[in-house]
Amino acid sequence: FEFAHEDMKNDREFVLAVVKQAGVALAFAHKDMKNDREVVLAAVQQDGTALALAHEDLRKTREVVFEAVRQNARALAFAEPSLHSDPDLQASRVSSNFVAGPGVCAPVVEVEVAVVAWGIEATLAPLSGEMAKVVLSERATIGELARAVA
């Protein structure tokens with residue numbers, strides 16, 4: 001990609017395909033691609049340190065930084081400094097967040113929910129076919145449900 005023609009470095013579909021395989025290839029992309037949210041998300045999901053190569057506007061974006069930190073905890077160092085102390089972007093919080101963002105693979109399950117006296121009872125049927133029943137408090141979050149599935 002480094003030696004590709006300049007037209008290819010600005011071809012969105014081509015750049016997307018490349019950064020999905022090697023996120024740090026973003027370094028050789030046209031500057032417009034480094035400010036393309038979808039391209040940068042694909043790059044940081046493959047290699048979180050690609051955040052260092054993104055346009056500064058995207059290094060300020062919580063969603064992009066979150067995905068970069070999810071892939072590599074060290075990526076937070078490349079984010080806008082004002083985000084360095086954001087509690088939701090700390091590696092420990094990000095790694096325990098089981099809700100997938102855009103473009104992230106997540107388990108696919110069929111969920112049947114019933115509200116019962118002791119909370120919420122969810123019956124989960126993942127594609128594997130193994131049924132599971134989970135009981136959560138009535139104040140449970142989607143993240144807690146996702147954690148129960150993982």
# chains A, B, ... in the order shown; residues from 1 in each chain; ligands from 1

$ residues_around --residues "range 51-63 of chain A" --least-positions-apart "2" --cutoff "8 Å" --atoms "only C-alpha atoms" --output "ChimeraX atom specification"
/A:24,26-27,31,34-35,37,40,43-44,48-49,65-68,75,78-80,83,89,101

$ select_by_dssp --residues "range 4-81 of chain A" --states "helix (DSSP H, G or I)" --output "ChimeraX atom specification"
/A:6-9,12-21,23-28,33-35,37-46,48-53,58-60,62-71,73-78,81

$ closest_residue --among "A:Ala140, A:Ala50, A:Ala148, A:Leu16" --to "Thr123 in chain A" --atoms "only C-alpha atoms"
A:Ala148

$ residues_around --residues "Val116 in chain A" --least-positions-apart "3" --cutoff "10 Å" --atoms "only C-alpha atoms" --output "list in words"
Val113, Gly119, Ile120, Glu121, Val135, Leu136, Ser137 and Glu138 of chain A
